[in-house]
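Shown here: query_23.cif, mmCIF, C-alpha atoms.
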data_query
#
loop_
_atom_site.group_PDB
_atom_site.id
_atom_site.type_symbol
_atom_site.label_atom_id
_atom_site.label_comp_id
_atom_site.auth_asym_id
_atom_site.auth_seq_id
_atom_site.Cartn_x
_atom_site.Cartn_y
_atom_site.Cartn_z
ATOM 1 C CA MET A 45 -29.968 180.777 156.461
ATOM 2 C CA ASN A 46 -27.496 183.189 154.899
ATOM 3 C CA THR A 47 -24.652 184.880 156.742
ATOM 4 C CA VAL A 48 -26.370 188.256 157.138
ATOM 5 C CA TRP A 49 -29.342 186.698 158.942
ATOM 6 C CA LYS A 50 -27.001 184.561 161.064
ATOM 7 C CA LEU A 51 -25.133 187.719 162.049
ATOM 8 C CA PHE A 52 -28.391 189.486 162.900
ATOM 9 C CA PHE A 53 -29.706 186.655 165.088
ATOM 10 C CA THR A 54 -26.327 186.034 166.743
ATOM 11 C CA PHE A 55 -25.987 189.689 167.714
ATOM 12 C CA LEU A 56 -29.659 189.887 168.657
ATOM 13 C CA LYS A 57 -28.941 187.111 171.168
ATOM 14 C CA ILE A 58 -25.769 188.891 172.310
ATOM 15 C CA GLY A 59 -27.679 192.155 172.674
ATOM 16 C CA LEU A 60 -30.350 190.409 174.725
ATOM 17 C CA MET A 61 -27.754 188.927 177.083
ATOM 18 C CA SER A 62 -25.540 191.994 177.341
ATOM 19 C CA ILE A 63 -26.437 193.159 180.820
ATOM 20 C CA GLY A 64 -23.595 195.427 181.831
ATOM 21 C CA GLY A 65 -22.649 196.270 178.245
ATOM 22 C CA GLY A 66 -19.171 197.440 177.310
ATOM 23 C CA TYR A 67 -16.409 195.194 178.566
ATOM 24 C CA ALA A 68 -18.883 192.769 180.100
ATOM 25 C CA ILE A 69 -20.081 191.734 176.645
ATOM 26 C CA ILE A 70 -16.637 190.889 175.227
ATOM 27 C CA PRO A 71 -16.535 187.269 176.481
ATOM 28 C CA LEU A 72 -20.035 186.657 175.102
ATOM 29 C CA ILE A 73 -19.142 188.041 171.669
ATOM 30 C CA GLN A 74 -15.927 186.033 171.682
ATOM 31 C CA GLU A 75 -17.798 182.835 172.545
ATOM 32 C CA GLN A 76 -20.334 183.368 169.756
ATOM 33 C CA VAL A 77 -18.129 184.569 166.882
ATOM 34 C CA VAL A 78 -14.796 182.865 167.633
ATOM 35 C CA GLU A 79 -15.569 179.662 169.504
ATOM 36 C CA LYS A 80 -19.070 178.629 168.372
ATOM 37 C CA SER A 81 -19.366 180.031 164.846
ATOM 38 C CA GLY A 82 -15.657 180.131 164.001
ATOM 39 C CA TRP A 83 -16.212 183.228 161.873
ATOM 40 C CA ILE A 84 -12.973 184.887 162.974
ATOM 41 C CA SER A 85 -9.779 183.908 164.786
ATOM 42 C CA GLU A 86 -8.877 184.954 168.323
ATOM 43 C CA LYS A 87 -6.166 187.196 166.881
ATOM 44 C CA MET A 88 -8.676 188.928 164.596
ATOM 45 C CA PHE A 89 -11.079 189.265 167.540
ATOM 46 C CA THR A 90 -8.361 190.902 169.650
ATOM 47 C CA ASP A 91 -7.628 193.320 166.807
ATOM 48 C CA ILE A 92 -11.334 194.145 166.478
ATOM 49 C CA ILE A 93 -11.615 194.812 170.231
ATOM 50 C CA THR A 94 -8.576 197.090 170.056
ATOM 51 C CA ILE A 95 -10.002 199.063 167.148
ATOM 52 C CA SER A 96 -13.432 199.180 168.815
ATOM 53 C CA GLN A 97 -11.932 200.725 171.931
ATOM 54 C CA MET A 98 -10.186 203.439 169.963
ATOM 55 C CA THR A 99 -13.153 204.474 167.847
ATOM 56 C CA PRO A 100 -15.932 206.713 169.183
ATOM 57 C CA GLY A 101 -19.077 204.988 170.382
ATOM 58 C CA PRO A 102 -20.085 202.129 172.639
ATOM 59 C CA LEU A 103 -17.703 199.162 172.675
ATOM 60 C CA ALA A 104 -20.396 196.534 172.026
ATOM 61 C CA VAL A 105 -21.822 198.431 169.055
ATOM 62 C CA ASN A 106 -18.394 199.107 167.565
ATOM 63 C CA THR A 107 -17.364 195.483 168.029
ATOM 64 C CA SER A 108 -20.554 194.138 166.459
ATOM 65 C CA THR A 109 -20.156 196.524 163.529
ATOM 66 C CA PHE A 110 -16.523 195.524 162.900
ATOM 67 C CA VAL A 111 -17.277 191.800 163.248
ATOM 68 C CA GLY A 112 -20.226 192.144 160.850
ATOM 69 C CA LEU A 113 -18.077 194.104 158.402
ATOM 70 C CA GLN A 114 -15.361 191.446 158.534
ATOM 71 C CA ILE A 115 -17.807 188.589 157.942
ATOM 72 C CA GLY A 116 -20.530 190.048 155.724
ATOM 73 C CA GLN A 117 -19.292 193.405 154.406
ATOM 74 C CA LEU A 118 -21.699 196.355 154.687
ATOM 75 C CA ALA A 119 -24.857 194.230 154.956
ATOM 76 C CA GLY A 120 -23.211 192.156 157.690
ATOM 77 C CA ALA A 121 -22.172 195.276 159.586
ATOM 78 C CA LEU A 122 -25.718 196.648 159.453
ATOM 79 C CA ALA A 123 -27.269 193.330 160.480
ATOM 80 C CA ALA A 124 -24.866 192.821 163.406
ATOM 81 C CA THR A 125 -25.238 196.405 164.632
ATOM 82 C CA ILE A 126 -29.033 196.413 164.443
ATOM 83 C CA GLY A 127 -29.156 192.998 166.107
ATOM 84 C CA CYS A 128 -26.880 194.206 168.899
ATOM 85 C CA ILE A 129 -28.831 197.369 169.715
ATOM 86 C CA LEU A 130 -32.430 196.289 169.045
ATOM 87 C CA CYS A 131 -32.959 194.407 172.321
ATOM 88 C CA GLY A 132 -31.237 197.163 174.278
ATOM 89 C CA ILE A 133 -33.542 199.797 172.870
ATOM 90 C CA LEU A 134 -36.680 197.750 173.508
ATOM 91 C CA LEU A 135 -35.553 196.690 176.993
ATOM 92 C CA SER A 136 -34.565 200.257 177.898
ATOM 93 C CA LEU A 137 -37.967 201.588 176.954
ATOM 94 C CA THR A 138 -39.712 198.799 178.868
ATOM 95 C CA MET A 139 -37.472 199.217 181.925
ATOM 96 C CA TYR A 140 -37.984 202.972 181.915
ATOM 97 C CA VAL A 141 -41.730 202.531 182.193
ATOM 98 C CA PHE A 142 -41.285 199.821 184.857
ATOM 99 C CA PHE A 143 -38.905 201.880 187.003
ATOM 100 C CA GLN A 144 -41.072 204.964 186.746
ATOM 101 C CA THR A 145 -43.926 202.888 188.120
ATOM 102 C CA HIS A 146 -41.900 201.103 190.857
ATOM 103 C CA GLU A 147 -39.178 203.622 191.749
ATOM 104 C CA LYS A 148 -39.800 203.438 195.519
ATOM 105 C CA SER A 149 -39.829 199.623 195.794
ATOM 106 C CA ASP A 150 -37.137 198.100 198.036
ATOM 107 C CA TYR A 151 -37.329 194.863 196.040
ATOM 108 C CA VAL A 152 -36.509 196.647 192.803
ATOM 109 C CA GLN A 153 -33.519 198.344 194.468
ATOM 110 C CA GLU A 154 -32.207 194.954 195.679
ATOM 111 C CA VAL A 155 -32.516 193.482 192.187
ATOM 112 C CA LEU A 156 -30.511 196.423 190.836
ATOM 113 C CA ASN A 157 -27.801 195.812 193.446
ATOM 114 C CA GLY A 158 -27.582 192.181 192.309
ATOM 115 C CA LEU A 159 -27.283 193.250 188.674
ATOM 116 C CA LYS A 160 -24.468 195.657 189.565
ATOM 117 C CA SER A 161 -22.542 192.793 191.173
ATOM 118 C CA ALA A 162 -23.053 190.523 188.175
ATOM 119 C CA SER A 163 -21.943 193.309 185.835
ATOM 120 C CA THR A 164 -18.761 193.835 187.863
ATOM 121 C CA GLY A 165 -17.950 190.127 187.577
ATOM 122 C CA LEU A 166 -18.461 190.201 183.814
ATOM 123 C CA ILE A 167 -16.177 193.220 183.449
ATOM 124 C CA ILE A 168 -13.446 191.470 185.458
ATOM 125 C CA SER A 169 -13.847 188.392 183.259
ATOM 126 C CA ALA A 170 -13.477 190.523 180.118
ATOM 127 C CA ALA A 171 -10.356 192.189 181.502
ATOM 128 C CA LEU A 172 -8.771 188.825 182.294
ATOM 129 C CA THR A 173 -9.638 187.522 178.816
ATOM 130 C CA MET A 174 -7.997 190.536 177.191
ATOM 131 C CA ILE A 175 -4.878 190.194 179.362
ATOM 132 C CA LEU A 176 -4.577 186.486 178.521
ATOM 133 C CA LEU A 177 -4.981 187.215 174.807
ATOM 134 C CA ALA A 178 -2.271 189.877 174.990
ATOM 135 C CA LEU A 179 0.180 187.857 177.068
ATOM 136 C CA TYR A 180 -0.396 184.320 175.741
ATOM 137 C CA GLY A 181 -2.093 184.780 172.380
ATOM 138 C CA ASN A 182 -5.306 182.974 173.388
ATOM 139 C CA SER A 183 -7.842 183.012 176.181
ATOM 140 C CA HIS A 184 -7.137 179.418 177.287
ATOM 141 C CA PRO A 185 -3.358 179.371 177.644
ATOM 142 C CA GLU A 186 -1.070 176.604 178.660
ATOM 143 C CA TRP A 187 0.303 178.041 181.905
ATOM 144 C CA ASN A 188 3.809 177.715 180.652
ATOM 145 C CA ILE A 189 6.502 180.352 181.165
ATOM 146 C CA ARG A 190 7.848 179.786 177.635
ATOM 147 C CA SER A 191 4.523 180.642 175.974
ATOM 148 C CA LEU A 192 4.338 183.995 177.787
ATOM 149 C CA ASN A 193 4.864 186.998 175.517
ATOM 150 C CA TRP A 194 7.529 188.798 177.546
ATOM 151 C CA THR A 195 7.525 191.836 175.266
ATOM 152 C CA ALA A 196 3.780 192.320 175.797
ATOM 153 C CA LEU A 197 4.207 191.844 179.570
ATOM 154 C CA LEU A 198 6.968 194.456 179.693
ATOM 155 C CA LEU A 199 4.959 196.902 177.570
ATOM 156 C CA PHE A 200 1.867 196.337 179.745
ATOM 157 C CA SER A 201 3.877 196.837 182.946
ATOM 158 C CA VAL A 202 5.523 200.047 181.735
ATOM 159 C CA MET A 203 2.243 201.533 180.531
ATOM 160 C CA LEU A 204 0.448 200.542 183.740
ATOM 161 C CA PHE A 205 3.213 202.162 185.779
ATOM 162 C CA LEU A 206 3.044 205.357 183.706
ATOM 163 C CA LEU A 207 -0.724 205.467 183.994
ATOM 164 C CA ARG A 208 -0.983 204.762 187.730
ATOM 165 C CA ARG A 209 2.178 206.314 189.198
ATOM 166 C CA ARG A 210 3.023 209.111 186.808
ATOM 167 C CA LYS A 211 -0.627 210.013 186.090
ATOM 168 C CA ILE A 212 -0.010 210.242 182.358
ATOM 169 C CA SER A 213 -3.138 210.748 180.263
ATOM 170 C CA PRO A 214 -4.775 207.535 178.969
ATOM 171 C CA VAL A 215 -4.766 209.071 175.475
ATOM 172 C CA VAL A 216 -0.986 209.432 175.625
ATOM 173 C CA ILE A 217 -0.721 205.855 176.946
ATOM 174 C CA LEU A 218 -2.839 204.586 174.018
ATOM 175 C CA LEU A 219 -0.746 206.480 171.479
ATOM 176 C CA ALA A 220 2.533 205.347 173.030
ATOM 177 C CA SER A 221 1.289 201.745 173.181
ATOM 178 C CA GLY A 222 0.238 201.872 169.534
ATOM 179 C CA ILE A 223 3.599 203.245 168.454
ATOM 180 C CA ALA A 224 5.447 200.664 170.563
ATOM 181 C CA GLY A 225 3.238 197.926 169.110
ATOM 182 C CA LEU A 226 4.066 199.043 165.581
ATOM 183 C CA ALA A 227 7.761 199.165 166.366
ATOM 184 C CA LEU A 228 7.864 195.828 168.220
ATOM 185 C CA TYR A 229 5.431 193.683 166.258
ATOM 186 C CA LEU A 230 5.855 194.712 162.616
#
Full structure transcribed into structure tokens:
Amino acid sequence: MNTVWKLFFTFLKIGLMSIGGGYAIIPLIQEQVVEKSGWISEKMFTDIITISQMTPGPLAVNTSTFVGLQIGQLAGALAATIGCILCGILLSLTMYVFFQTHEKSDYVQEVLNGLKSASTGLIISAALTMILLALYGNSHPEWNIRSLNWTALLLFSVMLFLLRRRKISPVVILLASGIAGLALYL
């Protein structure tokens, strides 16, 4: 099977399992494209996530598009994007009809509450993965003080302080972080 079809089926599977979307899907994409397939490195994946967050559109779609572009050029980007969104579109249409029919059911409401909890857990997992990648360079670090990226920790701490205590706009924080990253890491 050629790369374009592999991308399509990989992202079709990711799209099918992406309950919660957005940040919740990051660990699943990382597992499929970095760990299992070995298509890209963890560093490249981190860069793709960063770019995906800064570009307009849903994070999962942007990430799948950039991964597909990196691996299979334009055809790969199209295959990965279509694979990622196809299940979501079909499931959304099916769920819409289902919820219209069963909107007053207590059982359906309890299932939704369970899905919200699972989605929260996935988002927390994605956040921790991104923090580990930024501070240690990989998502499975050796918990060693010498392997900690102190510059990244300081930059993270300053930006978090500015965001939470000084109420500076997230856009300004992103721009300042990008400029600091250019200055510190180039």
### Task
Would you kindly return, as a list in words, each protein, DNA or RNA residue with an atom no farther than 8 Å from any atom of range 108-123 of chain A, considering all atoms listed in the file and excluding same-chain residues fewer than 6 positions away?
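Residues near the query, excluding close chain neighbours: Thr47, Val48, Trp49, Leu51, Phe52, Phe55, Trp83, Ile84, Phe89, Ile92 and Ser96 of chain A.
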Next, write the just-selected residues to a file, as a tab-separated table (two decimals), in the coordinates of the input, keeping C-alpha atoms as the atom set.
chain	number	residue	atom	x	y	z
A	47	THR	CA	-24.65	184.88	156.74
A	48	VAL	CA	-26.37	188.26	157.14
A	49	TRP	CA	-29.34	186.70	158.94
A	51	LEU	CA	-25.13	187.72	162.05
A	52	PHE	CA	-28.39	189.49	162.90
A	55	PHE	CA	-25.99	189.69	167.71
A	83	TRP	CA	-16.21	183.23	161.87
A	84	ILE	CA	-12.97	184.89	162.97
A	89	PHE	CA	-11.08	189.26	167.54
A	92	ILE	CA	-11.33	194.14	166.48
A	96	SER	CA	-13.43	199.18	168.82
### Task
Please identify all polymer residues lying at most 12 Å from the point (-15.8, 187.5, 184.4) (file coordinates), using all atoms listed in the file, and present the result as number ranges by chain.
A: 64, 67-72, 161-174
### Message
Can you translate the PyMOL selection byres ((chain A and resi 199-202) around 12) into the concrete residues it hits in this file, as an MDAnalysis selection string?
### Response
chainID A and resid 174:176 178:179 193:198 203:210 212 217:218 220:225 227:229
### Message
Starting from the PyMOL selection byres ((chain A and resi 85) around 12), expand the selection into actual residues of this file and give them as number ranges by chain.
### Response
A: 74-84, 86-92, 111, 114-115, 177, 181-183
### Summary
The distance between CA of Lys57 in chain A and CA of Gly132 in chain A is 10.8 Å
### Query
When you draw a straight line from CA of Val105 in chain A to CA of His184 in chain A, how long is it in Å?
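These atoms are spaced 25.4 Å apart.
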